[in-house]
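Colleague: Could you have a look at this structure, given as structure tokens, before my questions?
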Amino acid sequence: FTASKPTTDDEKAETRPQRLAPLTEEEMNSHSHERWAVSAPSVDLTGEWTLIADDTFKTEYDAYLKSLGFSGITRRVACGLIARTTEATKQSDNGRQLYLKGTNPKGAWERTLTSSGFPEFETQPEKKEGEDYSHVKTSIKTADSEDVDSEAWWEDRGTKHRSWLRGGKKYGGGDFESLRYVEEGSDGKVLVCESFFHPSDSSKKKAVVNWRFQRDE
């Protein structure tokens, strides 16, 4: 397990003490904030999951790897083994902490994402990140063992968890973004992770792949 270590936070807005009690549904619905430190009371992404590796996903995954610069041979091997991917998730502290353990034939990648936002600071649409507020940053290792800065928060009234890993040097340099949520209509049985790689080189296209995981019974 790789512990997340807090780094310097250059927050420019006043930050309130961390609230320990969860927000109520009424409180969630009465605010127009875009980024939340906590999840909605009804949301819990905790579970054991297995990747849904159908042909549609493999085609998308191959294109994603190609965008990252992998060769055709490497991509074919990766797509042949990708069905053996699993994910373990543990949400705690009202959603402020999200522990993830991804396992595939290459090994395991463990990390903990720390979210920040309302109610510690204001994040209405008119507020600007970097001017009116800044998210808590933690240092974690990527799946490629690179040290990067991590930020996270909840969106859509605390139902979707967005995270960023910034400052990576692999694949020509760039940032990884993820959006995790329970798929609507799945009765809590499908976890979605929309993944994006944003290259530092603005002439390169963003790489995108959508992971869907079935809850283990």
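The chains in the structure tokens are called A, B, ... from first to last as shown; in each chain the residues are counted from 1, and the ligands are counted from 1 in the order shown.
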Pick out each residue of region 72-213 of chain A that DSSP on the backbone tags as helix (DSSP H, G or I); I need them as a ChimeraX atom specification.
Modeller: /A:72-84,93-95,170-172
Colleague: Report the distance between CA of Phe213 (chain A) and CA of Val190 (chain A) in Å, rounded to one decimal place.
Modeller: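 Between CA of Phe213 (chain A) and CA of Val190 (chain A) the gap works out to 5.4 Å.
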Colleague: Using only C-alpha atoms, tabulate the residues of region 28-138 of chain A lying at most 12 Å from any atom of region 167-172 of chain A, each with its closest atom pair and that distance in Å to one decimal, by chain and increasing residue number, as a Markdown table.
Modeller:
| residue | atom | partner | partner_atom | distance |
| --- | --- | --- | --- | --- |
| A:Tyr64 | CA | A:Tyr171 | CA | 11.8 |
| A:Leu65 | CA | A:Tyr171 | CA | 10.1 |
| A:Lys66 | CA | A:Tyr171 | CA | 10.7 |
| A:Ser67 | CA | A:Tyr171 | CA | 9.0 |
| A:Leu68 | CA | A:Tyr171 | CA | 5.6 |
| A:Gly69 | CA | A:Tyr171 | CA | 6.7 |
| A:Phe70 | CA | A:Tyr171 | CA | 9.1 |
Colleague: Skip region 182-185 of chain A itself and residues of its chain fewer than 4 positions away, then list as an MDAnalysis selection string all residues within 9 Å of it, counting only C-alpha atoms.
Modeller: chainID A and resid 43:45 159:160 189:193 212
Colleague: Export, as an mmCIF file, in the first residue's frame, the selected residues with all heavy atoms.
Modeller:
data_model
loop_
_atom_site.group_PDB
_atom_site.id
_atom_site.type_symbol
_atom_site.label_atom_id
_atom_site.label_comp_id
_atom_site.auth_asym_id
_atom_site.auth_seq_id
_atom_site.Cartn_x
_atom_site.Cartn_y
_atom_site.Cartn_z
ATOM 1 N N VAL A 43 -24.604 7.653 -1.732
ATOM 2 C CA VAL A 43 -23.591 7.152 -2.666
ATOM 3 C C VAL A 43 -22.445 6.487 -1.925
ATOM 4 O O VAL A 43 -21.871 7.058 -0.994
ATOM 5 C CB VAL A 43 -23.049 8.293 -3.553
ATOM 6 C CG1 VAL A 43 -21.865 7.821 -4.383
ATOM 7 C CG2 VAL A 43 -24.152 8.818 -4.458
ATOM 8 N N ASP A 44 -22.112 5.276 -2.339
ATOM 9 C CA ASP A 44 -20.955 4.558 -1.801
ATOM 10 C C ASP A 44 -20.372 3.704 -2.920
ATOM 11 O O ASP A 44 -21.003 2.765 -3.392
ATOM 12 C CB ASP A 44 -21.361 3.679 -0.612
ATOM 13 C CG ASP A 44 -20.159 3.072 0.105
ATOM 14 O OD1 ASP A 44 -19.017 3.227 -0.385
ATOM 15 O OD2 ASP A 44 -20.364 2.452 1.172
ATOM 16 N N LEU A 45 -19.160 4.029 -3.345
ATOM 17 C CA LEU A 45 -18.514 3.295 -4.441
ATOM 18 C C LEU A 45 -17.747 2.059 -3.962
ATOM 19 O O LEU A 45 -17.066 1.412 -4.754
ATOM 20 C CB LEU A 45 -17.547 4.232 -5.185
ATOM 21 C CG LEU A 45 -18.146 5.510 -5.782
ATOM 22 C CD1 LEU A 45 -17.093 6.242 -6.611
ATOM 23 C CD2 LEU A 45 -19.377 5.208 -6.625
ATOM 24 N N THR A 159 -22.477 12.743 -6.533
ATOM 25 C CA THR A 159 -22.721 11.400 -7.063
ATOM 26 C C THR A 159 -21.592 10.883 -7.955
ATOM 27 O O THR A 159 -21.529 9.683 -8.234
ATOM 28 C CB THR A 159 -24.029 11.362 -7.872
ATOM 29 O OG1 THR A 159 -23.934 12.290 -8.970
ATOM 30 C CG2 THR A 159 -25.218 11.751 -6.983
ATOM 31 N N LYS A 160 -20.711 11.792 -8.420
ATOM 32 C CA LYS A 160 -19.624 11.387 -9.314
ATOM 33 C C LYS A 160 -18.288 11.896 -8.775
ATOM 34 O O LYS A 160 -18.182 13.067 -8.403
ATOM 35 C CB LYS A 160 -19.869 11.913 -10.732
ATOM 36 C CG LYS A 160 -21.108 11.318 -11.385
ATOM 37 C CD LYS A 160 -21.286 11.804 -12.821
ATOM 38 C CE LYS A 160 -22.505 11.150 -13.466
ATOM 39 N NZ LYS A 160 -22.686 11.570 -14.882
ATOM 40 N N LYS A 189 -24.779 -2.226 -9.600
ATOM 41 C CA LYS A 189 -23.964 -3.384 -9.970
ATOM 42 C C LYS A 189 -22.894 -3.081 -11.017
ATOM 43 O O LYS A 189 -22.090 -3.956 -11.341
ATOM 44 C CB LYS A 189 -24.869 -4.507 -10.469
ATOM 45 C CG LYS A 189 -25.791 -5.055 -9.381
ATOM 46 C CD LYS A 189 -26.661 -6.184 -9.895
ATOM 47 C CE LYS A 189 -27.565 -6.726 -8.783
ATOM 48 N NZ LYS A 189 -28.432 -7.837 -9.271
ATOM 49 N N VAL A 190 -22.879 -1.856 -11.559
ATOM 50 C CA VAL A 190 -21.873 -1.502 -12.561
ATOM 51 C C VAL A 190 -21.196 -0.195 -12.157
ATOM 52 O O VAL A 190 -21.855 0.825 -11.945
ATOM 53 C CB VAL A 190 -22.487 -1.355 -13.969
ATOM 54 C CG1 VAL A 190 -21.426 -0.893 -14.967
ATOM 55 C CG2 VAL A 190 -23.085 -2.683 -14.425
ATOM 56 N N LEU A 191 -19.879 -0.250 -12.038
ATOM 57 C CA LEU A 191 -19.057 0.921 -11.737
ATOM 58 C C LEU A 191 -18.400 1.394 -13.028
ATOM 59 O O LEU A 191 -17.771 0.602 -13.734
ATOM 60 C CB LEU A 191 -17.988 0.580 -10.708
ATOM 61 C CG LEU A 191 -17.001 1.696 -10.353
ATOM 62 C CD1 LEU A 191 -17.698 2.812 -9.582
ATOM 63 C CD2 LEU A 191 -15.826 1.136 -9.540
ATOM 64 N N VAL A 192 -18.545 2.666 -13.338
ATOM 65 C CA VAL A 192 -17.958 3.252 -14.543
ATOM 66 C C VAL A 192 -16.764 4.112 -14.151
ATOM 67 O O VAL A 192 -16.799 4.828 -13.152
ATOM 68 C CB VAL A 192 -18.989 4.110 -15.302
ATOM 69 C CG1 VAL A 192 -18.347 4.762 -16.521
ATOM 70 C CG2 VAL A 192 -20.186 3.263 -15.711
ATOM 71 N N CYS A 193 -15.705 4.022 -14.937
ATOM 72 C CA CYS A 193 -14.562 4.915 -14.779
ATOM 73 C C CYS A 193 -14.202 5.479 -16.152
ATOM 74 O O CYS A 193 -13.646 4.762 -16.990
ATOM 75 C CB CYS A 193 -13.356 4.202 -14.165
ATOM 76 S SG CYS A 193 -11.897 5.266 -13.998
ATOM 77 N N ARG A 212 -15.853 -0.206 -17.572
ATOM 78 C CA ARG A 212 -17.070 -0.596 -16.892
ATOM 79 C C ARG A 212 -16.796 -1.883 -16.131
ATOM 80 O O ARG A 212 -16.292 -2.855 -16.700
ATOM 81 C CB ARG A 212 -18.240 -0.788 -17.866
ATOM 82 C CG ARG A 212 -18.629 0.489 -18.590
ATOM 83 C CD ARG A 212 -19.694 0.257 -19.647
ATOM 84 N NE ARG A 212 -20.973 -0.148 -19.061
ATOM 85 C CZ ARG A 212 -21.538 -1.320 -19.219
ATOM 86 N NH1 ARG A 212 -20.919 -2.275 -19.953
ATOM 87 N NH2 ARG A 212 -22.697 -1.606 -18.654
#
Colleague: Enumerate, in order of chain and increasing residue number, the residues of region 124-153 of chain A with an atom no farther than 12 Å from region 102-106 of chain A, each with its shortest atom pair and distance in Å to one decimal, counting only C-alpha atoms, as a Markdown table.
Modeller:
| residue | atom | partner | partner_atom | distance |
| --- | --- | --- | --- | --- |
| A:Thr142 | CA | A:Gly102 | CA | 11.4 |
| A:Ala143 | CA | A:Gly102 | CA | 9.1 |
| A:Asp144 | CA | A:Lys106 | CA | 10.6 |
Colleague: Tell me which protein, DNA and RNA residues are within 7 Å of region 85-89 of chain A, counting only C-alpha atoms, leaving out same-chain ones fewer than 5 positions away, and put them as a list in words.
Modeller: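 The neighbour list is Leu45, Thr46, Gly47, Glu48, Trp49, Thr50, Leu51, Leu98, Tyr99, Leu100, Lys101, Gly102, Thr103 and Asn104 of chain A.
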Colleague: Which of these residues is nearest to Glu27 (chain A), using only C-alpha atoms: A:Val77, A:Ala53, A:Ala40, A:Ala207?
Modeller: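 Counting only C-alpha atoms, the residue closest to Glu27 (chain A) is A:Ala40.
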Colleague: As a PyMOL selection string, list the residues of region 70-142 of chain A assigned to strand (DSSP E) by DSSP on the backbone atoms of this structure.
Modeller: chain A and resi 86-92+97-104+107-114+138-141
Colleague: Any chance you could tabulate, as JSON lines, the residues of region 18-48 of chain A at most 12 Å from region 114-118 of chain A with each one's nearest atom pair and distance in Å to one decimal, using only C-alpha atoms, in chain and rising number order?
Modeller:
{"residue": "A:Gln18", "atom": "CA", "partner": "A:Ser116", "partner_atom": "CA", "distance": 9.6}
{"residue": "A:Arg19", "atom": "CA", "partner": "A:Phe118", "partner_atom": "CA", "distance": 9.7}
{"residue": "A:Pro22", "atom": "CA", "partner": "A:Phe118", "partner_atom": "CA", "distance": 11.7}
{"residue": "A:Leu23", "atom": "CA", "partner": "A:Phe118", "partner_atom": "CA", "distance": 10.1}
{"residue": "A:Glu27", "atom": "CA", "partner": "A:Phe118", "partner_atom": "CA", "distance": 11.1}
{"residue": "A:Met28", "atom": "CA", "partner": "A:Phe118", "partner_atom": "CA", "distance": 9.9}
{"residue": "A:His31", "atom": "CA", "partner": "A:Phe118", "partner_atom": "CA", "distance": 9.4}
{"residue": "A:Ser32", "atom": "CA", "partner": "A:Phe118", "partner_atom": "CA", "distance": 10.1}
{"residue": "A:His33", "atom": "CA", "partner": "A:Phe118", "partner_atom": "CA", "distance": 6.9}
{"residue": "A:Glu34", "atom": "CA", "partner": "A:Phe118", "partner_atom": "CA", "distance": 8.4}
{"residue": "A:Arg35", "atom": "CA", "partner": "A:Gly117", "partner_atom": "CA", "distance": 5.4}
{"residue": "A:Trp36", "atom": "CA", "partner": "A:Gly117", "partner_atom": "CA", "distance": 4.4}
{"residue": "A:Ala37", "atom": "CA", "partner": "A:Ser116", "partner_atom": "CA", "distance": 4.0}
{"residue": "A:Val38", "atom": "CA", "partner": "A:Ser115", "partner_atom": "CA", "distance": 7.3}
{"residue": "A:Ser39", "atom": "CA", "partner": "A:Ser115", "partner_atom": "CA", "distance": 9.5}
{"residue": "A:Ala40", "atom": "CA", "partner": "A:Phe118", "partner_atom": "CA", "distance": 11.9}
Colleague: Considering only C-alpha atoms, state which residue in the set A:Lys137, A:Arg76, A:Arg157, A:Arg96 is at the smallest distance from Glu25 (chain A).
Modeller: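 Counting only C-alpha atoms, the residue closest to Glu25 (chain A) is A:Arg157.
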Colleague: Considering only C-alpha atoms, state which residue in the set A:Ser42, A:Asn210, A:Ser200, A:Ser145 is at the smallest distance from Phe57 (chain A).
Modeller: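 Going through A:Ser42, A:Asn210, A:Ser200, A:Ser145 one by one, the smallest distance to Phe57 (chain A) is for A:Asn210.
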Colleague: Taking only C-alpha atoms into account, which of A:Trp109, A:Trp164, A:Phe176, A:Trp154 comes nearest His198 (chain A)?
Modeller: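 Comparing A:Trp109, A:Trp164, A:Phe176, A:Trp154 against His198 (chain A), the winner is A:Phe176.
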Colleague: So, with only C-alpha atoms as the atoms that count, which of A:Glu131, A:Val209, A:Ile73, A:Thr123 lies closest to Thr59 (chain A)?
Modeller: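 Comparing A:Glu131, A:Val209, A:Ile73, A:Thr123 against Thr59 (chain A), the winner is A:Val209.
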Colleague: Find the residue from A:Ala21, A:Thr74, A:Asp149, A:Tyr133 that sits nearest to Asp93 (chain A); use only C-alpha atoms when measuring.
Modeller: A:Ala21
